[in-house]
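Visitor: Just dropping this structure here.
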Amino acid sequence: MKFAVIGGTGRIGSQVVGDLRAAGHEAVPHSPSTGVDVITGQGLTEAVAGADVVVNLTNSPTFDEASPAFFRTSMDNLLAASEKAGVGHFVILSIVGVDQVPELDYYRAKVLQEDLLKAGSVPYSIVRATQFMEFMDAVLSWTADGDTVRLPRTPIQPIAAADVARFVAETAQGAPLDGVLDIAGPDRYPLDELGRLTLAARKDGRTVVTDDTAGMFAAVRGDVLTAPSGARIAPTRYRDWLA
């Protein structure tokens, strides 16, 4: 099969390309560095030509109120090109619980992306993942102040990027779900505890202070960012990943 992996040079995309090629497929990465621009549409016709499957792993450059415009324009352009090319399967990566946190601009933008895909004519699959283990450094930086990091007790079930890529590649090789696959890591932690574990493993002397009003995840209510019923559970444990 031939796969056009849009955003195929990024953290997840490059691993998806590797996994697909290892399975014997033709997987072509596309990004601005290869001349493909999902906002202007430059290079999209050529990128999806002859592709059996399009995997869209592009992401908004910001997480704020500008993010919905990115996803609307990019999805409109990609879906139009894919429909014209006769693509048989369109895959995107989204977030577990994304439709249950309307307070966050970025989450609303990802819901818009999902809705645009569902409304299109191309058969599709949506892979929703829990928070990436690789994002913990960014999460810690958002509320760091000197020797203190403030984090809420929001339940998190982190997943390794390599596991995400494997699930995306597996889904892309299968029949379209015309629905959602939820994936999550095997371990569940309150975010403040996860922060302490991360700092201790890295011998970082900063202190985590529990603050349920701190940072982006303070907007999350309950355990909506953890594995829902029926989710596929990845093998990589956070402590092993840290090591």
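A note on labels: chains of the structure tokens are A, B, ... as shown, every chain counts residues from 1, and ligands are counted from 1 in their shown order.
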List every residue of stretch 71-201 of chain A that DSSP, applied to the backbone of this structure, places in alpha helix (DSSP H), and write the result as a ChimeraX atom specification.
Guide: /A:71-85,105-119,136-142,161-173,191-201
Visitor: What's the 12 Å shell around stretch 19-36 of chain A, counting only C-alpha atoms, without same-chain residues fewer than 5 positions away, as JSON, numbers by chain?
Guide: {"A": [1, 2, 3, 4, 5, 6, 7, 8, 9, 10, 12, 13, 14, 41, 42, 43, 44, 45, 46, 47, 48, 49, 50, 51, 52, 53, 54, 55, 56, 57, 58, 59, 74, 77, 78, 162, 163, 164, 165, 166, 167, 168, 169, 170, 171, 172, 173, 174]}
Visitor: What is the distance, in Å and to one decimal place, between atom CA of A:Gln157 and atom CA of A:Thr226?
Guide: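 Atom-to-atom, atom CA of A:Gln157 and atom CA of A:Thr226 are spaced 5.2 Å apart.
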Visitor: Leaving out stretch 114-125 of chain A and any residue of its chain fewer than 5 positions from it, which residues lie within 8 Å of it when counting only C-alpha atoms, given as an MDAnalysis selection string?
Guide: chainID A and resid 72 75:76 79 82:83 87:92 94 171:172 176:181
Visitor: Could you take the residues named above and write them with N, CA and C atoms, as a PDB file, in the first residue's frame?
Guide:
ATOM      1  N   ARG A  72      -9.347  24.016  10.621  1.00  0.00           N
ATOM      2  CA  ARG A  72     -10.381  24.138   9.592  1.00  0.00           C
ATOM      3  C   ARG A  72      -9.745  24.246   8.205  1.00  0.00           C
ATOM      4  N   MET A  75      -7.713  20.931   7.233  1.00  0.00           N
ATOM      5  CA  MET A  75      -8.587  19.795   6.932  1.00  0.00           C
ATOM      6  C   MET A  75      -9.386  20.029   5.651  1.00  0.00           C
ATOM      7  N   ASP A  76      -9.869  21.243   5.438  1.00  0.00           N
ATOM      8  CA  ASP A  76     -10.583  21.532   4.193  1.00  0.00           C
ATOM      9  C   ASP A  76      -9.683  21.233   2.989  1.00  0.00           C
ATOM     10  N   LEU A  79      -8.803  17.277   2.840  1.00  0.00           N
ATOM     11  CA  LEU A  79      -9.937  16.447   2.447  1.00  0.00           C
ATOM     12  C   LEU A  79     -10.306  16.669   0.985  1.00  0.00           C
ATOM     13  N   SER A  82      -7.749  14.831  -1.021  1.00  0.00           N
ATOM     14  CA  SER A  82      -7.900  13.380  -0.860  1.00  0.00           C
ATOM     15  C   SER A  82      -9.109  12.856  -1.614  1.00  0.00           C
ATOM     16  N   GLU A  83     -10.222  13.586  -1.560  1.00  0.00           N
ATOM     17  CA  GLU A  83     -11.426  13.192  -2.295  1.00  0.00           C
ATOM     18  C   GLU A  83     -11.139  13.157  -3.797  1.00  0.00           C
ATOM     19  N   VAL A  87      -8.595   8.805  -2.450  1.00  0.00           N
ATOM     20  CA  VAL A  87      -8.006   8.166  -1.261  1.00  0.00           C
ATOM     21  C   VAL A  87      -9.081   7.348  -0.545  1.00  0.00           C
ATOM     22  N   GLY A  88      -8.718   6.144  -0.092  1.00  0.00           N
ATOM     23  CA  GLY A  88      -9.699   5.249   0.508  1.00  0.00           C
ATOM     24  C   GLY A  88      -9.754   5.245   2.017  1.00  0.00           C
ATOM     25  N   HIS A  89      -8.834   5.961   2.677  1.00  0.00           N
ATOM     26  CA  HIS A  89      -8.784   5.930   4.145  1.00  0.00           C
ATOM     27  C   HIS A  89      -8.013   7.157   4.601  1.00  0.00           C
ATOM     28  N   PHE A  90      -8.581   7.901   5.553  1.00  0.00           N
ATOM     29  CA  PHE A  90      -7.966   9.116   6.081  1.00  0.00           C
ATOM     30  C   PHE A  90      -7.887   8.969   7.595  1.00  0.00           C
ATOM     31  N   VAL A  91      -6.676   9.101   8.135  1.00  0.00           N
ATOM     32  CA  VAL A  91      -6.440   8.869   9.565  1.00  0.00           C
ATOM     33  C   VAL A  91      -5.927  10.148  10.223  1.00  0.00           C
ATOM     34  N   ILE A  92      -6.480  10.478  11.385  1.00  0.00           N
ATOM     35  CA  ILE A  92      -5.929  11.578  12.179  1.00  0.00           C
ATOM     36  C   ILE A  92      -5.653  11.102  13.604  1.00  0.00           C
ATOM     37  N   SER A  94      -5.904  12.297  17.528  1.00  0.00           N
ATOM     38  CA  SER A  94      -6.584  13.252  18.392  1.00  0.00           C
ATOM     39  C   SER A  94      -6.276  12.923  19.864  1.00  0.00           C
ATOM     40  N   THR A 171      -3.519   1.169  12.714  1.00  0.00           N
ATOM     41  CA  THR A 171      -4.852   1.612  12.298  1.00  0.00           C
ATOM     42  C   THR A 171      -4.865   1.983  10.817  1.00  0.00           C
ATOM     43  N   ALA A 172      -3.816   2.652  10.369  1.00  0.00           N
ATOM     44  CA  ALA A 172      -3.746   3.086   8.978  1.00  0.00           C
ATOM     45  C   ALA A 172      -3.699   1.908   8.017  1.00  0.00           C
ATOM     46  N   PRO A 176     -10.939   1.220   7.359  1.00  0.00           N
ATOM     47  CA  PRO A 176     -11.391   2.425   8.059  1.00  0.00           C
ATOM     48  C   PRO A 176     -12.366   2.077   9.181  1.00  0.00           C
ATOM     49  N   LEU A 177     -12.195   2.709  10.331  1.00  0.00           N
ATOM     50  CA  LEU A 177     -13.085   2.478  11.467  1.00  0.00           C
ATOM     51  C   LEU A 177     -14.399   3.244  11.311  1.00  0.00           C
ATOM     52  N   ASP A 178     -14.347   4.346  10.567  1.00  0.00           N
ATOM     53  CA  ASP A 178     -15.457   5.309  10.565  1.00  0.00           C
ATOM     54  C   ASP A 178     -15.903   5.555  12.000  1.00  0.00           C
ATOM     55  N   GLY A 179     -14.914   5.702  12.858  1.00  0.00           N
ATOM     56  CA  GLY A 179     -15.129   5.901  14.281  1.00  0.00           C
ATOM     57  C   GLY A 179     -13.810   6.179  14.972  1.00  0.00           C
ATOM     58  N   VAL A 180     -13.785   5.933  16.281  1.00  0.00           N
ATOM     59  CA  VAL A 180     -12.667   6.341  17.141  1.00  0.00           C
ATOM     60  C   VAL A 180     -12.029   5.131  17.814  1.00  0.00           C
ATOM     61  N   LEU A 181     -10.701   5.114  17.848  1.00  0.00           N
ATOM     62  CA  LEU A 181      -9.940   4.174  18.664  1.00  0.00           C
ATOM     63  C   LEU A 181      -9.244   4.962  19.762  1.00  0.00           C
TER      64      LEU A 181
END
Visitor: Excluding A:Pro155 and its own-chain neighbours fewer than 4 positions away, which residues fall within 12 Å of it when counting only C-alpha atoms? Please give them as a list in words.
Guide: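 Near A:Pro155, the qualifying residues are Gly97, Thr130, Gln131, Leu151, Asp187, Arg188, Tyr189, Pro190, Leu191, Asp192, Glu193, Leu194, Gly195, Asp212, Phe217, Ala218, Val220, Arg221, Gly222, Asp223, Val224, Leu225, Thr226 and Ala227 of chain A.
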Visitor: As an NGL selection string, please: every residue in stretch 48-216 of chain A that a backbone DSSP assignment puts in strand (DSSP E or B).
Guide: :A and (53-56 or 89-95 or 124-129 or 132 or 144-145 or 148-151 or 155-156 or 159 or 180-184 or 189-190 or 207-210)
Visitor: Using N, CA, C and O atoms, can you export the residues from the last selection as a compact mmCIF listing (two decimals), in the first residue's frame?
Guide:
# COMPACT_ATOMS: atom_id res chain seq x y z
N VAL A 53 -3.87 5.59 1.44
CA VAL A 53 -4.21 6.11 2.78
C VAL A 53 -3.48 7.42 3.00
O VAL A 53 -2.29 7.55 2.68
N VAL A 54 -4.18 8.40 3.57
CA VAL A 54 -3.57 9.64 4.05
C VAL A 54 -3.58 9.62 5.57
O VAL A 54 -4.64 9.39 6.18
N VAL A 55 -2.43 9.83 6.17
CA VAL A 55 -2.33 9.95 7.62
C VAL A 55 -1.95 11.40 7.92
O VAL A 55 -0.88 11.86 7.53
N ASN A 56 -2.85 12.12 8.57
CA ASN A 56 -2.62 13.54 8.85
C ASN A 56 -2.17 13.73 10.29
O ASN A 56 -2.97 13.60 11.22
N HIS A 89 -8.83 5.96 2.68
CA HIS A 89 -8.78 5.93 4.14
C HIS A 89 -8.01 7.16 4.60
O HIS A 89 -6.92 7.43 4.09
N PHE A 90 -8.58 7.90 5.55
CA PHE A 90 -7.97 9.12 6.08
C PHE A 90 -7.89 8.97 7.59
O PHE A 90 -8.90 8.75 8.25
N VAL A 91 -6.68 9.10 8.14
CA VAL A 91 -6.44 8.87 9.56
C VAL A 91 -5.93 10.15 10.22
O VAL A 91 -5.04 10.82 9.69
N ILE A 92 -6.48 10.48 11.38
CA ILE A 92 -5.93 11.58 12.18
C ILE A 92 -5.65 11.10 13.60
O ILE A 92 -6.20 10.10 14.06
N LEU A 93 -4.80 11.85 14.28
CA LEU A 93 -4.48 11.61 15.68
C LEU A 93 -5.12 12.70 16.52
O LEU A 93 -4.93 13.89 16.26
N SER A 94 -5.90 12.30 17.53
CA SER A 94 -6.58 13.25 18.39
C SER A 94 -6.28 12.92 19.86
O SER A 94 -5.27 12.27 20.15
N ILE A 95 -7.13 13.36 20.77
CA ILE A 95 -6.85 13.30 22.20
C ILE A 95 -7.99 12.61 22.93
O ILE A 95 -9.16 12.94 22.72
N TYR A 124 -12.76 7.02 7.20
CA TYR A 124 -11.79 7.59 8.14
C TYR A 124 -11.60 6.74 9.38
O TYR A 124 -12.40 5.85 9.69
N SER A 125 -10.51 7.06 10.09
CA SER A 125 -10.26 6.55 11.44
C SER A 125 -9.69 7.67 12.28
O SER A 125 -8.85 8.44 11.80
N ILE A 126 -10.15 7.77 13.52
CA ILE A 126 -9.63 8.74 14.48
C ILE A 126 -8.96 7.96 15.62
O ILE A 126 -9.62 7.13 16.25
N VAL A 127 -7.68 8.21 15.84
CA VAL A 127 -6.97 7.60 16.96
C VAL A 127 -6.84 8.67 18.04
O VAL A 127 -6.18 9.69 17.83
N ARG A 128 -7.47 8.44 19.18
CA ARG A 128 -7.37 9.37 20.31
C ARG A 128 -6.39 8.81 21.33
O ARG A 128 -6.58 7.71 21.85
N ALA A 129 -5.36 9.58 21.64
CA ALA A 129 -4.33 9.15 22.60
C ALA A 129 -4.40 9.99 23.87
O ALA A 129 -4.82 11.15 23.85
N PHE A 132 1.13 12.45 25.90
CA PHE A 132 2.42 11.83 25.61
C PHE A 132 3.37 11.98 26.80
O PHE A 132 3.46 13.05 27.41
N ALA A 144 6.22 26.56 36.21
CA ALA A 144 7.45 26.61 37.00
C ALA A 144 7.75 28.05 37.42
O ALA A 144 7.59 28.99 36.65
N ASP A 145 8.17 28.19 38.66
CA ASP A 145 8.54 29.51 39.19
C ASP A 145 9.69 29.31 40.16
O ASP A 145 9.49 28.91 41.31
N THR A 148 10.00 26.02 42.34
CA THR A 148 8.67 25.43 42.57
C THR A 148 7.95 25.20 41.25
O THR A 148 8.04 26.02 40.33
N VAL A 149 7.25 24.07 41.16
CA VAL A 149 6.38 23.79 40.03
C VAL A 149 4.99 23.49 40.61
O VAL A 149 4.85 22.63 41.47
N ARG A 150 3.99 24.22 40.16
CA ARG A 150 2.63 24.02 40.65
C ARG A 150 1.87 23.14 39.65
O ARG A 150 1.85 23.41 38.46
N LEU A 151 1.25 22.08 40.15
CA LEU A 151 0.50 21.17 39.30
C LEU A 151 -0.79 20.74 39.98
O LEU A 151 -0.83 20.53 41.19
N PRO A 155 -6.10 13.50 36.92
CA PRO A 155 -5.64 12.16 36.58
C PRO A 155 -5.13 12.10 35.13
O PRO A 155 -5.79 12.57 34.20
N ILE A 156 -3.95 11.52 34.97
CA ILE A 156 -3.28 11.42 33.66
C ILE A 156 -2.85 9.96 33.46
O ILE A 156 -2.44 9.29 34.41
N ILE A 159 1.24 8.05 27.70
CA ILE A 159 1.59 7.05 26.71
C ILE A 159 2.85 7.49 25.98
O ILE A 159 3.04 8.68 25.72
N VAL A 180 -13.79 5.93 16.28
CA VAL A 180 -12.67 6.34 17.14
C VAL A 180 -12.03 5.13 17.81
O VAL A 180 -12.73 4.24 18.31
N LEU A 181 -10.70 5.11 17.85
CA LEU A 181 -9.94 4.17 18.66
C LEU A 181 -9.24 4.96 19.76
O LEU A 181 -8.49 5.90 19.48
N ASP A 182 -9.51 4.62 21.03
CA ASP A 182 -8.84 5.25 22.16
C ASP A 182 -7.62 4.42 22.55
O ASP A 182 -7.70 3.18 22.63
N ILE A 183 -6.49 5.10 22.81
CA ILE A 183 -5.28 4.42 23.26
C ILE A 183 -4.71 5.15 24.47
O ILE A 183 -4.87 6.36 24.61
N ALA A 184 -4.07 4.39 25.37
CA ALA A 184 -3.55 4.97 26.60
C ALA A 184 -2.36 4.16 27.10
O ALA A 184 -2.18 3.00 26.73
N TYR A 189 -1.77 8.27 36.94
CA TYR A 189 -1.21 9.08 38.02
C TYR A 189 -1.97 10.40 38.14
O TYR A 189 -2.39 10.95 37.12
N PRO A 190 -2.07 10.96 39.36
CA PRO A 190 -2.42 12.37 39.46
C PRO A 190 -1.25 13.18 38.87
O PRO A 190 -0.09 12.79 39.02
N THR A 207 10.61 21.54 43.64
CA THR A 207 9.52 20.96 44.43
C THR A 207 8.19 21.15 43.69
O THR A 207 7.91 22.23 43.17
N VAL A 208 7.39 20.09 43.66
CA VAL A 208 6.05 20.19 43.10
C VAL A 208 5.06 20.53 44.21
O VAL A 208 4.98 19.83 45.23
N VAL A 209 4.33 21.60 44.01
CA VAL A 209 3.29 22.02 44.94
C VAL A 209 1.93 21.72 44.30
O VAL A 209 1.68 22.10 43.16
N THR A 210 1.08 21.01 45.02
CA THR A 210 -0.25 20.70 44.49
C THR A 210 -1.11 21.95 44.46
O THR A 210 -1.30 22.61 45.48
Visitor: What separation in Å, quoted to one decimal, exists between atom CA of A:Trp241 and atom CA of A:Ala160?
Guide: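 A separation of 7.6 Å between them.
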Visitor: Have a look at atom CA of A:Asp99 and atom CA of A:Arg232 and let me know their distance in Å, one decimal.
Guide: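 Those two atoms sit 18.8 Å apart.
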